[in-house]
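Q: Following this message is one structure expressed as structure tokens.
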Amino acid sequence: MTTAPIRRMHLAAAAPGAGERAGFASYERLARTAERGLFDFLLVAGDAAGGPDALTVLAALAAGTDRLGLAAGAAFGEPCELARRLATLDHLSDGRAAWHAHSPADGHPRAAECVAAARALWDSWTPDGTPRPVAHRGRHFAVEGEFTVERCPQGHPVTVLAGDSPEDRELAASAADVVLLPHTTFDAARARYAEVKGRLAAHGRAHDELKVMLRVASVLDDNDDTGARGPFGGSPEAVAALLGEYVAEGAADGFVLDPYAPGGLDGFVDRVVPLLQDRGAFRRTYTGSTLRSHLGIAAPVWKG
């Protein structure tokens with residue numbers, strides 16, 4: 001009898017939102033802890049009233065980290081400004097930038113066109129460093145002229161989209177590298193995972209070209225009152241086992257942790273990550289330097 005290989009999971013952390021009144025020192029500590037834990041990326045939301053500008057925060061964090069991916073919450077605004085700021089972050093971080101956005105109130109077609117226009121801008125520089133003019137005219141955006149930032153180290157920054165609705169998940173299947181789903185029961189998560197992955201073929205994409213990550217809160221409790229503190233609460237051993245089960249059984253490719261619980265992210269990194277590593281379910285070292293390498297997603301083919 002042969003044993004199926006253990007699937008390695010992806011891990012990321014979400015920074016506190018505006019309501020938490022986090023100072024820069026809090027972001028810096030969280031980023032360093034996430035990098036110590038070998039996480040794929042840190043997500044800083046940028047859509048809450050009164051919150052800091054996510055791209056500015058992440059540009060500062062790029063100087064204090066070496067491998068951690070840096071994902072900015074950014075609305076589907078004007079493609080040229082969005083593409084310029086994200087490309088700048090990708091250069092500042094040597095290929096660790098990502099952007100995360102919810103679909104706009106005026107619909108998914110506008111969001112899809114924004115992604116397409118941004119990618120046209122990123123592709124307007126050839127791999128050998130030659131700029132070419134951009135001419136995009138669509139229903140929602142018109143972009144013409146020369147893009148001022150040369151081609152990104154990753155080709156394109158990683159695109160992270162929410163998958164709260166069927167329309168969101170269809171957009172993610174066509175345009176995202178990572179889709180974030182809210183947590184639900186194990187059976188529902190597995191069914192939703194299969195549904196998302198099943199949408200990829202219609203867009204000419206392979207199963208592993210889109211990573212499905214669940215957003216969860218994990219509360220560690222040495223008494224193992226598993227389930228009493230939420231679906232991912234309990235002892236470090238119980239939490240590690242449950243996370244591994246979700247990935248092994250096709251309910252997720254990984255998780256984005258909300259570190260608001262007692263002990264925050266430090267407890268998870270110190271007590272759960274080593275157990276995942278011992279199980280072969282999580283990396284023991286970064287093997288690449290870009291966010292795409294952490295996620296196992298190839299750089300996009302240049303479409304000049």
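Convention: chains lettered A, B, ... in structure tokens order; per-chain residue numbering from 1; ligands numbered from 1 as shown.
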Pull the helix (DSSP H, G or I) assignments for region 110-249 of chain A out of DSSP run on the backbone, and list those residues as a PyMOL selection string.

A: chain A and resi 110-122+166-175+186-198+201-203+207-209+236-248

Q: Using only C-alpha atoms, which residues sit within 12 Å of Glu249 (chain A) once same-chain residues fewer than 3 positions away are excluded, as a PyMOL selection string?

A: chain A and resi 4+6-7+9+186-187+189-191+193-194+241-246+252-254

Q: Could you tell me, as number ranges by chain, which residues of region 2-189 of chain A DSSP assigns to strand (DSSP E) when given the backbone?

A: A: 10-14, 41-44, 69-73, 97-101, 133-137, 142-146, 158-162, 178-182

Q: Show me, as a list in words, the residues that have an atom within 7 Å of Leu181 (chain A) when counting only C-alpha atoms, minus same-chain residues fewer than 3 positions from it.

A: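 Close residues of Leu181 (chain A): Ala162, Gly163, Asp164, Met213, Leu214 and Arg215 of chain A.
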
Q: Which polymer residues have any atom within 12 Å of an atom of Glu150 (chain A), counting only C-alpha atoms, with same-chain residues fewer than 3 positions away left out, as a ChimeraX atom specification?

A: /A:83-88,90-91,121-132,146-147,153-156

Q: Quick check, in Å to one decimal: how far apart do CA of Cys114 (chain A) and CA of Arg205 (chain A) lie?

A: 19.9 Å

Q: Would you pick out the contacts of region 269-277 of chain A at 10 Å or less, using only C-alpha atoms, so that residues sharing its chain but fewer than 6 positions from it are not included, and give the list as a JSON list (two decimals) with C-alpha atoms, in the first residue's frame?

A:
```json
[["chain", "number", "residue", "atom", "x", "y", "z"],
["A", 8, "ARG", "CA", 1.59, 21.42, 2.30],
["A", 9, "MET", "CA", -0.62, 24.28, 3.36],
["A", 11, "LEU", "CA", -0.50, 30.39, 5.79],
["A", 33, "THR", "CA", 6.29, 37.37, 13.61],
["A", 34, "ALA", "CA", 4.65, 36.22, 10.38],
["A", 35, "GLU", "CA", 8.03, 36.06, 8.64],
["A", 36, "ARG", "CA", 9.52, 34.15, 11.58],
["A", 37, "GLY", "CA", 6.68, 31.70, 11.12],
["A", 38, "LEU", "CA", 7.48, 31.39, 7.39],
["A", 39, "PHE", "CA", 4.04, 32.70, 6.39],
["A", 220, "LEU", "CA", -5.19, 28.28, 21.66],
["A", 235, "SER", "CA", -4.86, 22.93, 22.11],
["A", 236, "PRO", "CA", -2.00, 23.48, 19.63],
["A", 237, "GLU", "CA", -2.18, 19.78, 18.77],
["A", 238, "ALA", "CA", -5.91, 19.96, 18.06],
["A", 239, "VAL", "CA", -5.58, 23.11, 15.94],
["A", 240, "ALA", "CA", -2.69, 21.65, 13.93],
["A", 241, "ALA", "CA", -4.63, 18.45, 13.32],
["A", 243, "LEU", "CA", -5.86, 22.62, 9.81],
["A", 244, "GLY", "CA", -4.09, 19.61, 8.34],
["A", 283, "ARG", "CA", 7.57, 24.45, 5.12],
["A", 284, "ARG", "CA", 10.67, 24.56, 7.32],
["A", 285, "THR", "CA", 12.31, 27.30, 5.28]]
```

Q: Report as a ChimeraX atom specification all protein, DNA and RNA residues lying within 8 Å of Leu55 (chain A), evaluated on only C-alpha atoms, omitting residues in the same chain fewer than 2 positions from it.

A: /A:53,57-59,72-73,85-86,89

Q: So, counting only C-alpha atoms, which residue among A:Leu171, A:Val196, A:Ile297, A:Val179 is closest to Gly250 (chain A)?

A: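 With only C-alpha atoms as the atom set, the closest residue is A:Val196.
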
Q: Compile the contact shell of Ala12 (chain A) as a short mmCIF file (atom, residue, chain, number, x, y, z; two decimals) with C-alpha atoms, in the first residue's frame: residues with an atom at most 6 Å away, counting only C-alpha atoms, same-chain residues fewer than 4 positions apart removed.

A:
```cif
data_model
loop_
_atom_site.label_atom_id
_atom_site.label_comp_id
_atom_site.auth_asym_id
_atom_site.auth_seq_id
_atom_site.Cartn_x
_atom_site.Cartn_y
_atom_site.Cartn_z
CA PHE A 39 4.04 32.70 6.39
CA ASP A 40 3.26 33.40 2.75
CA PHE A 41 1.99 36.94 3.26
CA LEU A 42 0.61 39.60 5.58
CA VAL A 256 -5.48 33.55 6.61
#
```

Q: Please determine, counting only C-alpha atoms, which residue among A:Glu195, A:Ala98, A:Ala299, A:Gly288 has the shortest atom-to-atom distance to Asp66 (chain A).

A: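 The shortest atom-to-atom distance to Asp66 (chain A) comes from A:Gly288.
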